[in-house]
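Student: I have a structure I would like to understand better, so I am pasting it below and will then ask my questions one at a time.
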Amino acid sequence: MTEQTLFKVTVDGITIEVPAGTTILQAARQIGGEVAPPAMCYYSKLKGSGGKCRTCLVEVAKGSEKDPRPMPKLVASCRTTVMDGMEVKNITSEKVLDARAGVVEFLLLNHPLDCPICDQAGECHLQDLSFDHGKSKTRFEFQKRTFKKHDLGKNIQLHMTRCILCYRCVFTADQLTNKRVHGILDRGDHAEIATHIEKSLDNEFIGNVIDVCPVGALTDKTFRFKNRVWFLKPMDAHRDCPTCSGRVTLWNRGDEVYRVTARKDEWGEIEDTPDGEPGWICNTCRFDKKNASDWVIEGPREISRASVISQGHYSGKVGTTKPTETFLAVNGGRAPHLLMDIHDESEVNQQNIHLGQIQGPSHGDTFNKIENAS
Ligand code: SF4
Ligand code: FES
């Protein structure tokens, strides 16, 4: 066995050793947490991905031990390999944070702010990115782009206005199916995902484009508008599938299966199966097996990726952890004024009183009076 050359690389002050040829992004992911730059187009399971979105930009403060000069410009960490002795700044670099805020602003120029009705809300990478690096206002004064609607068939819904042209779905179709029927047509401002002559995406593995899409541009028609992801309980499950690994996450409410997805890791990418292969799933498992009886349930899924779903009282274990805090603890030790009856304070709910005759419902002063008296 030949010995692997290891390079020392420091990211945000943390040093690790990685094999030569590792990208800065992969090295940072090995350290983990906030040190890892966000990635909207790179997807480790898809060959050739990365280099499109610039969200993963980092500053190389020292090129290597042999040539310690800093790199003159910020570099895309998903496409730049480490050198021995390299020093990289991600969240510790003002320049990076400023550039990332600019990239988010650009990504949002044409992206509709329709999160309240978007099925990807709660697990959207762009939503998380805007939360971390976005501005509260836009400087864009023009009309956002609109597109002619394309029907991609019975299972996959395309919302082109949400697409950030990351190419992940194109690589997925190229690498998982024997004939890609969709792609990015036209150039510049006109570039769009389409099938050119209306065709449906119906290869048995094409459903995986839904899982790789970082935004809500490609969503599952069988789940559309049915529920919000944060109300659902993700459960690991498997079935003996002749086509794919059969290892999935079921998104349940009660006993009802609302959605089936592949299992995802902390970077939001498809998790590997125990034999080290990416756990892509087939359309039959994803779209047709919506009965709990179709599956062997393994147990609750831990959502390890930081997202809206794993925030707050869920503590990273969605649907499995009951909140342990008491009202007193979250209310700064003050007991709740739950014994106050609102009907004593206002006549608004009394049927025999004409609404037009009410002097006015309770307001701040009423409650302050009660609080001061107690
Ligand atoms: S549809 Fe989604 S996966 Fe495909 S290019 Fe657009 S954003 Fe990327
Ligand atoms: S993740 Fe590196 S350029 Fe998009």
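Residue names in the structure tokens use chain letters A, B, ... in the order shown, residue numbers from 1 in each chain, and ligand numbers from 1 in the order shown.
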Grab me every residue within 8 Å of ligand 1, counting only C-alpha atoms and all ligand atoms, and send it over as a ChimeraX atom specification.
Tutor: /A:41,158-160,162-170,184,192-193,209-210,212-218
Student: Filtering to N, CA and C atoms, could you give me those residues as a PDB file, in the first residue's frame?
Tutor:
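Dumped to selection34.pdb:
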ATOM      1  N   CYS A  41     -23.954  25.170  -4.621  1.00  0.00           N
ATOM      2  CA  CYS A  41     -23.906  24.419  -5.882  1.00  0.00           C
ATOM      3  C   CYS A  41     -23.053  23.159  -5.765  1.00  0.00           C
ATOM      4  N   LEU A 158     -41.748  22.249 -11.309  1.00  0.00           N
ATOM      5  CA  LEU A 158     -40.673  23.238 -11.506  1.00  0.00           C
ATOM      6  C   LEU A 158     -41.203  24.651 -11.264  1.00  0.00           C
ATOM      7  N   HIS A 159     -40.510  25.383 -10.389  1.00  0.00           N
ATOM      8  CA  HIS A 159     -40.774  26.815 -10.214  1.00  0.00           C
ATOM      9  C   HIS A 159     -39.496  27.512 -10.635  1.00  0.00           C
ATOM     10  N   MET A 160     -39.412  27.874 -11.900  1.00  0.00           N
ATOM     11  CA  MET A 160     -38.159  28.402 -12.425  1.00  0.00           C
ATOM     12  C   MET A 160     -37.725  29.686 -11.742  1.00  0.00           C
ATOM     13  N   ARG A 162     -37.573  30.360  -8.796  1.00  0.00           N
ATOM     14  CA  ARG A 162     -36.806  30.117  -7.568  1.00  0.00           C
ATOM     15  C   ARG A 162     -35.418  29.530  -7.845  1.00  0.00           C
ATOM     16  N   CYS A 163     -35.173  29.122  -9.072  1.00  0.00           N
ATOM     17  CA  CYS A 163     -33.921  28.412  -9.412  1.00  0.00           C
ATOM     18  C   CYS A 163     -32.718  29.346  -9.304  1.00  0.00           C
ATOM     19  N   ILE A 164     -31.620  28.837  -8.758  1.00  0.00           N
ATOM     20  CA  ILE A 164     -30.403  29.656  -8.673  1.00  0.00           C
ATOM     21  C   ILE A 164     -29.331  29.146  -9.653  1.00  0.00           C
ATOM     22  N   LEU A 165     -29.742  28.296 -10.579  1.00  0.00           N
ATOM     23  CA  LEU A 165     -28.857  27.777 -11.634  1.00  0.00           C
ATOM     24  C   LEU A 165     -27.584  27.133 -11.080  1.00  0.00           C
ATOM     25  N   CYS A 166     -27.768  26.265 -10.115  1.00  0.00           N
ATOM     26  CA  CYS A 166     -26.618  25.618  -9.481  1.00  0.00           C
ATOM     27  C   CYS A 166     -26.134  24.403 -10.276  1.00  0.00           C
ATOM     28  N   TYR A 167     -26.937  23.920 -11.221  1.00  0.00           N
ATOM     29  CA  TYR A 167     -26.609  22.764 -12.071  1.00  0.00           C
ATOM     30  C   TYR A 167     -26.673  21.415 -11.365  1.00  0.00           C
ATOM     31  N   ARG A 168     -27.035  21.384 -10.088  1.00  0.00           N
ATOM     32  CA  ARG A 168     -27.031  20.079  -9.399  1.00  0.00           C
ATOM     33  C   ARG A 168     -28.002  19.094 -10.061  1.00  0.00           C
ATOM     34  N   CYS A 169     -29.200  19.591 -10.444  1.00  0.00           N
ATOM     35  CA  CYS A 169     -30.188  18.668 -11.022  1.00  0.00           C
ATOM     36  C   CYS A 169     -29.721  18.159 -12.379  1.00  0.00           C
ATOM     37  N   VAL A 170     -28.928  18.980 -13.076  1.00  0.00           N
ATOM     38  CA  VAL A 170     -28.425  18.561 -14.386  1.00  0.00           C
ATOM     39  C   VAL A 170     -27.395  17.444 -14.191  1.00  0.00           C
ATOM     40  N   ILE A 184     -30.001  23.284 -18.757  1.00  0.00           N
ATOM     41  CA  ILE A 184     -30.136  24.740 -18.691  1.00  0.00           C
ATOM     42  C   ILE A 184     -30.081  25.286 -20.105  1.00  0.00           C
ATOM     43  N   GLU A 192     -32.477  29.140 -18.223  1.00  0.00           N
ATOM     44  CA  GLU A 192     -33.547  28.502 -17.451  1.00  0.00           C
ATOM     45  C   GLU A 192     -33.474  26.985 -17.560  1.00  0.00           C
ATOM     46  N   ILE A 193     -34.029  26.333 -16.550  1.00  0.00           N
ATOM     47  CA  ILE A 193     -34.163  24.882 -16.562  1.00  0.00           C
ATOM     48  C   ILE A 193     -35.369  24.538 -17.429  1.00  0.00           C
ATOM     49  N   VAL A 209     -33.614  14.640  -8.140  1.00  0.00           N
ATOM     50  CA  VAL A 209     -33.358  16.067  -8.389  1.00  0.00           C
ATOM     51  C   VAL A 209     -34.054  16.914  -7.318  1.00  0.00           C
ATOM     52  N   ILE A 210     -35.139  16.378  -6.765  1.00  0.00           N
ATOM     53  CA  ILE A 210     -35.861  17.119  -5.714  1.00  0.00           C
ATOM     54  C   ILE A 210     -34.976  17.238  -4.474  1.00  0.00           C
ATOM     55  N   VAL A 212     -31.671  17.097  -4.322  1.00  0.00           N
ATOM     56  CA  VAL A 212     -30.424  17.859  -4.480  1.00  0.00           C
ATOM     57  C   VAL A 212     -30.679  19.349  -4.682  1.00  0.00           C
ATOM     58  N   CYS A 213     -31.875  19.715  -5.103  1.00  0.00           N
ATOM     59  CA  CYS A 213     -32.164  21.138  -5.369  1.00  0.00           C
ATOM     60  C   CYS A 213     -32.079  21.915  -4.047  1.00  0.00           C
ATOM     61  N   PRO A 214     -31.189  22.911  -3.976  1.00  0.00           N
ATOM     62  CA  PRO A 214     -30.994  23.605  -2.706  1.00  0.00           C
ATOM     63  C   PRO A 214     -32.126  24.561  -2.349  1.00  0.00           C
ATOM     64  N   VAL A 215     -32.962  24.879  -3.363  1.00  0.00           N
ATOM     65  CA  VAL A 215     -34.080  25.809  -3.140  1.00  0.00           C
ATOM     66  C   VAL A 215     -35.380  25.092  -3.520  1.00  0.00           C
ATOM     67  N   GLY A 216     -36.466  25.838  -3.602  1.00  0.00           N
ATOM     68  CA  GLY A 216     -37.746  25.179  -3.898  1.00  0.00           C
ATOM     69  C   GLY A 216     -38.077  25.177  -5.380  1.00  0.00           C
ATOM     70  N   ALA A 217     -37.050  25.108  -6.240  1.00  0.00           N
ATOM     71  CA  ALA A 217     -37.317  25.139  -7.680  1.00  0.00           C
ATOM     72  C   ALA A 217     -37.874  23.806  -8.171  1.00  0.00           C
ATOM     73  N   LEU A 218     -37.417  22.704  -7.575  1.00  0.00           N
ATOM     74  CA  LEU A 218     -37.930  21.389  -7.954  1.00  0.00           C
ATOM     75  C   LEU A 218     -38.539  20.751  -6.709  1.00  0.00           C
TER      76      LEU A 218
END
Student: Using only C-alpha atoms and all ligand atoms, find each protein or nucleic acid residue lying at most 12 Å from ligand 2; present the set as an NGL selection string.
Tutor: :A and (23-26 or 36-44 or 48-58 or 74-80 or 100 or 103-104 or 107 or 125-126 or 164-168 or 214 or 267)
Student: What's around Asn155 (chain A) at 12 Å? Count only C-alpha atoms, leave out sequence neighbours fewer than 5 positions away in its own chain, and write the answer as a ChimeraX atom specification.
Tutor: /A:200-210,218-224,283-284,286-288
Student: Write out as an mmCIF file with N, CA, C and O atoms, in the first residue's frame each polymer residue whose atoms come within 7 Å of region 240-249 of chain A, counting only C-alpha atoms; drop sequence neighbours fewer than 3 positions from it.
Tutor:
data_model
loop_
_atom_site.group_PDB
_atom_site.id
_atom_site.type_symbol
_atom_site.label_atom_id
_atom_site.label_comp_id
_atom_site.auth_asym_id
_atom_site.auth_seq_id
_atom_site.Cartn_x
_atom_site.Cartn_y
_atom_site.Cartn_z
ATOM 1 N N PRO A 234 -39.964 13.224 11.088
ATOM 2 C CA PRO A 234 -39.155 12.378 10.213
ATOM 3 C C PRO A 234 -38.766 11.057 10.884
ATOM 4 O O PRO A 234 -38.298 11.057 12.024
ATOM 5 N N MET A 235 -38.993 9.983 10.165
ATOM 6 C CA MET A 235 -38.685 8.648 10.694
ATOM 7 C C MET A 235 -37.799 7.917 9.681
ATOM 8 O O MET A 235 -38.094 7.928 8.493
ATOM 9 N N ASP A 236 -36.760 7.278 10.169
ATOM 10 C CA ASP A 236 -35.962 6.435 9.281
ATOM 11 C C ASP A 236 -36.734 5.147 9.011
ATOM 12 O O ASP A 236 -37.318 4.570 9.943
ATOM 13 N N ALA A 237 -36.743 4.727 7.765
ATOM 14 C CA ALA A 237 -37.466 3.501 7.417
ATOM 15 C C ALA A 237 -36.786 2.848 6.220
ATOM 16 O O ALA A 237 -35.991 3.483 5.530
ATOM 17 N N VAL A 260 -41.808 11.098 1.208
ATOM 18 C CA VAL A 260 -40.678 10.177 1.336
ATOM 19 C C VAL A 260 -39.468 10.856 0.690
ATOM 20 O O VAL A 260 -39.555 11.342 -0.442
ATOM 21 N N THR A 261 -38.362 10.930 1.411
ATOM 22 C CA THR A 261 -37.131 11.491 0.831
ATOM 23 C C THR A 261 -35.977 10.533 1.114
ATOM 24 O O THR A 261 -36.092 9.640 1.946
ATOM 25 N N ALA A 262 -34.855 10.795 0.438
ATOM 26 C CA ALA A 262 -33.650 10.050 0.787
ATOM 27 C C ALA A 262 -33.178 10.566 2.146
ATOM 28 O O ALA A 262 -33.611 11.631 2.595
ATOM 29 N N ARG A 263 -32.303 9.823 2.797
ATOM 30 C CA ARG A 263 -31.753 10.300 4.078
ATOM 31 C C ARG A 263 -30.649 11.308 3.796
ATOM 32 O O ARG A 263 -29.834 11.099 2.905
ATOM 33 N N GLY A 279 -26.923 6.966 -1.032
ATOM 34 C CA GLY A 279 -28.245 6.322 -0.870
ATOM 35 C C GLY A 279 -29.351 6.954 -1.691
ATOM 36 O O GLY A 279 -30.420 7.292 -1.160
ATOM 37 N N TRP A 280 -29.121 7.118 -3.029
ATOM 38 C CA TRP A 280 -30.188 7.643 -3.901
ATOM 39 C C TRP A 280 -31.393 6.717 -3.827
ATOM 40 O O TRP A 280 -31.228 5.500 -3.690
ATOM 41 N N ILE A 281 -32.579 7.252 -3.962
ATOM 42 C CA ILE A 281 -33.749 6.373 -3.928
ATOM 43 C C ILE A 281 -34.521 6.448 -5.250
ATOM 44 O O ILE A 281 -34.407 7.425 -5.990
ATOM 45 N N CYS A 282 -35.330 5.412 -5.508
ATOM 46 C CA CYS A 282 -36.034 5.354 -6.789
ATOM 47 C C CYS A 282 -37.392 6.066 -6.679
ATOM 48 O O CYS A 282 -37.873 6.353 -5.582
ATOM 49 N N CYS A 285 -40.182 4.202 -4.530
ATOM 50 C CA CYS A 285 -40.104 4.437 -3.083
ATOM 51 C C CYS A 285 -40.555 5.854 -2.749
ATOM 52 O O CYS A 285 -41.268 6.081 -1.781
#
